[in-house]
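Enquirer: Have a look at this one before I ask anything.
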Amino acid sequence: MYHKTIRSRFAAAAFAGASLFASTAAFAGEVTIWCWDPNFNVAIMKEAGERYTAKHPETTFNIVDFAKADVEQKLQTALSSGTTDALPDIVLIEDYGAQKYLQSFPGAFAELSGTVDYSGFAPYKVQLMTVDGKVYGMPFDSGVTGFYYRKDYLEQAGFKPTDVQDITWDRFIEIGKQVEEKTGKKMMGLDITDAGFTRILMQSAGQWYFDADGNLNIENNTALKAALETQQKILQAGIYKPSSGWTEWVGSFTSGDVASVTTGVWITGTVKAQADQAGKWGVAPIPSLGIEGAGHASNLGGSSWYVLESSAEKADAIAFLNETYAKDIDFYQKILTERGAVGSLLAARTGDAYMKADDFFGGETVWQNFSDWLSKVPPVNYGIFTNEVDTAVTAHLPSLAQGAKIDEVLKQIQSQAEGQIQ
């Protein structure tokens, strides 16, 4: 229903960003891929390409490393202007933005439904790339969430690891008060201008800013209401260390100033980088909101691969993704070990790397745990305006600290969001 609005916005951005184009002309048999992050997505795709070329020497890869914003700008520019010769064969798209591209540019991406066995992937990843029953992407990394906690701090406060398994957020707050009383440490770092934590809580109860049909769902969203209520309780309990921006937030737990962090699995490498903290950390399922439909699994972030319908190498591109990302279990072990990437293919958890105990976490099989939680992440409809609604949510989060009534906050978010997506 919002196709014209989004298409016009993309077109406006297209002409402003036309100068971003670089020559990426491919040779016959060469698959061109656009992605970002040289130490993660780019490195992983290079590994995938090398594995495939070793078996299929007629197919080579041109992996182009751009900043994430540049990938998005170039893709919008090309799709809006119809200059498909400037597009790659495969592009990486952040999961939150997938529906925006798929619905705004119908026919631009190759349908993979008849080729890929999607039953082997985490259901929530498949849903976010589905339109009208057709699936268009290759699921890649997950942002499945975990509750990382300092075992030593909790032990000082009288708690064992079993005491933080499958708890509610209300119990989390109670534990946090005792941890601060006994150790002087805050329970968590919190940036009240970042809605990421809100999204984790909301999705854990199976809801999003939009309902299953893509309609805005704010005022009557029980999961969002419970998420805001929980954040308000945390703020009022004072068990958090205020953090402004990414660096301060990361520093709150790497420095040892707080007793836990709840976020996506991609933070594991950052936690483990503190060698002097080895053996002091544990990982548990995230706490539940305690409402109907709420569980202990959620997601933050993640991205997937998409083949352009206009690609001259479409058949090779699809065959490559299907053989590597949908079937190669060993590939997933290697990218987990070398890059800390938890893929969405559920069969990958049967591999050695996933089964291995992690000494840093006191011998816990953390990767196995994360892969189990991955299968339980509730599928939701990210819609085509997640970023716009996120802006509205973020604008009203600070009022929670002043004791604002949650129903009133929801009305204000609804009103601002409606204005932003017209």
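Chain identifiers are assigned as A, B, and so on, following the order in which chains appear in the structure tokens; residues are numbered from 1 within each chain, and ligands are numbered from 1 in order of appearance.
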Within range 167-291 of chain A, find each residue whose DSSP state, derived from the backbone, is helix (DSSP H, G or I), and express the selection as an MDAnalysis selection string.

Expert: chainID A and resid 169:183 196:204 222:237 245:254 265:272 275:277

Enquirer: Using only C-alpha atoms, I'd like a table of the residues in range 92-135 of chain A that come within 9 Å of range 337-358 of chain A; for each, show the closest atom pair and its distance in Å rounded to one decimal, ordered by chain and ascending number, as a tab-separated table.

Expert:
```
residue	atom	partner	partner_atom	distance
A:Tyr118	CA	A:Leu345	CA	9.0
A:Gly120	CA	A:Leu346	CA	5.9
A:Phe121	CA	A:Leu345	CA	4.6
A:Ala122	CA	A:Ser344	CA	5.6
A:Lys125	CA	A:Ser344	CA	7.3
```

Enquirer: As a compact mmCIF listing (two decimals) with all heavy atoms, in the first residue's frame, list the residues of range 308-410 of chain A assigned to strand (DSSP E or B) by DSSP on the backbone atoms of this structure.

Expert:
```txt
# COMPACT_ATOMS: atom_id res chain seq x y z
N LEU A 308 19.83 -10.41 -8.26
CA LEU A 308 19.08 -9.49 -9.09
C LEU A 308 18.49 -10.23 -10.29
O LEU A 308 19.19 -11.01 -10.95
CB LEU A 308 19.97 -8.33 -9.57
CG LEU A 308 20.20 -7.16 -8.60
CD1 LEU A 308 18.88 -6.48 -8.24
CD2 LEU A 308 20.92 -7.60 -7.34
N GLY A 343 25.18 -18.66 11.26
CA GLY A 343 24.32 -18.67 10.09
C GLY A 343 22.91 -19.11 10.44
O GLY A 343 22.62 -19.54 11.55
N LEU A 345 21.18 -21.49 8.71
CA LEU A 345 20.90 -22.88 8.33
C LEU A 345 20.94 -23.75 9.58
O LEU A 345 21.98 -23.93 10.21
CB LEU A 345 21.94 -23.36 7.31
CG LEU A 345 21.70 -24.75 6.73
CD1 LEU A 345 20.44 -24.76 5.86
CD2 LEU A 345 22.90 -25.22 5.91
N ASP A 358 33.28 -23.87 25.02
CA ASP A 358 34.06 -22.64 24.96
C ASP A 358 34.67 -22.36 26.33
O ASP A 358 33.94 -22.08 27.30
CB ASP A 358 33.18 -21.48 24.52
CG ASP A 358 33.97 -20.25 24.12
OD1 ASP A 358 34.92 -19.91 24.86
OD2 ASP A 358 33.65 -19.64 23.10
N GLU A 364 30.94 -23.78 28.58
CA GLU A 364 29.58 -23.83 28.03
C GLU A 364 29.64 -24.02 26.50
O GLU A 364 30.53 -23.51 25.83
CB GLU A 364 28.82 -22.53 28.33
CG GLU A 364 28.54 -22.28 29.81
CD GLU A 364 27.77 -20.99 30.03
OE1 GLU A 364 27.13 -20.50 29.07
OE2 GLU A 364 27.83 -20.45 31.14
```

Enquirer: Please produce, as CSV, a per-residue contact table for range 142-161 of chain A versus range 258-262 of chain A (criterion: any atom at most 6 Å away, only C-alpha atoms considered), showing the nearest atom pair and its distance in Å to one decimal, sorted by chain then residue number.

Expert:
```
residue,atom,partner,partner_atom,distance
A:Gly146,CA,A:Thr262,CA,5.7
A:Phe147,CA,A:Thr262,CA,4.5
A:Tyr148,CA,A:Val261,CA,5.2
A:Tyr149,CA,A:Ser260,CA,4.1
A:Arg150,CA,A:Ala259,CA,5.1
```

Enquirer: Do you know which residues are at most 9 Å from Leu289 in chain A counting only C-alpha atoms, after dropping those on the same chain fewer than 6 positions away, and could you put them as a PyMOL selection string?

Expert: chain A and resi 168-170+201-202+204-205+223+226-227+230+295-296

Enquirer: Excluding Gly238 in chain A and its own-chain neighbours fewer than 4 positions away, which residues fall within 9 Å of it when counting only C-alpha atoms? Please give them as a VMD selection string.

Expert: chain A and resid 177 186 233 to 234

Enquirer: Please save all heavy atoms of the selected residues as a tab-separated table (two decimals), in the first residue's frame.

Expert:
```tsv
chain	number	residue	atom	x	y	z
A	177	LYS	N	19.02	-5.41	41.39
A	177	LYS	CA	19.07	-4.63	42.62
A	177	LYS	C	20.01	-5.26	43.64
A	177	LYS	O	20.79	-4.56	44.31
A	177	LYS	CB	17.66	-4.50	43.21
A	177	LYS	CG	16.71	-3.64	42.41
A	177	LYS	CD	15.31	-3.63	43.03
A	177	LYS	CE	14.34	-2.77	42.26
A	177	LYS	NZ	12.97	-2.82	42.84
A	186	LYS	N	26.32	-1.91	38.40
A	186	LYS	CA	25.02	-1.82	37.76
A	186	LYS	C	24.77	-3.11	36.98
A	186	LYS	O	25.70	-3.82	36.59
A	186	LYS	CB	24.96	-0.62	36.81
A	186	LYS	CG	25.11	0.73	37.51
A	186	LYS	CD	23.92	1.04	38.40
A	186	LYS	CE	23.99	2.46	38.96
A	186	LYS	NZ	22.82	2.77	39.83
A	233	LYS	N	10.63	0.30	34.03
A	233	LYS	CA	10.95	-0.32	35.31
A	233	LYS	C	12.47	-0.34	35.55
A	233	LYS	O	12.94	-0.08	36.66
A	233	LYS	CB	10.41	-1.75	35.37
A	233	LYS	CG	8.90	-1.86	35.46
A	233	LYS	CD	8.47	-3.32	35.40
A	233	LYS	CE	6.96	-3.47	35.39
A	233	LYS	NZ	6.56	-4.90	35.26
A	234	ILE	N	13.23	-0.66	34.49
A	234	ILE	CA	14.70	-0.67	34.61
A	234	ILE	C	15.22	0.72	34.93
A	234	ILE	O	16.10	0.90	35.79
A	234	ILE	CB	15.32	-1.21	33.31
A	234	ILE	CG1	15.04	-2.71	33.17
A	234	ILE	CG2	16.83	-0.94	33.27
A	234	ILE	CD1	15.43	-3.30	31.82
```
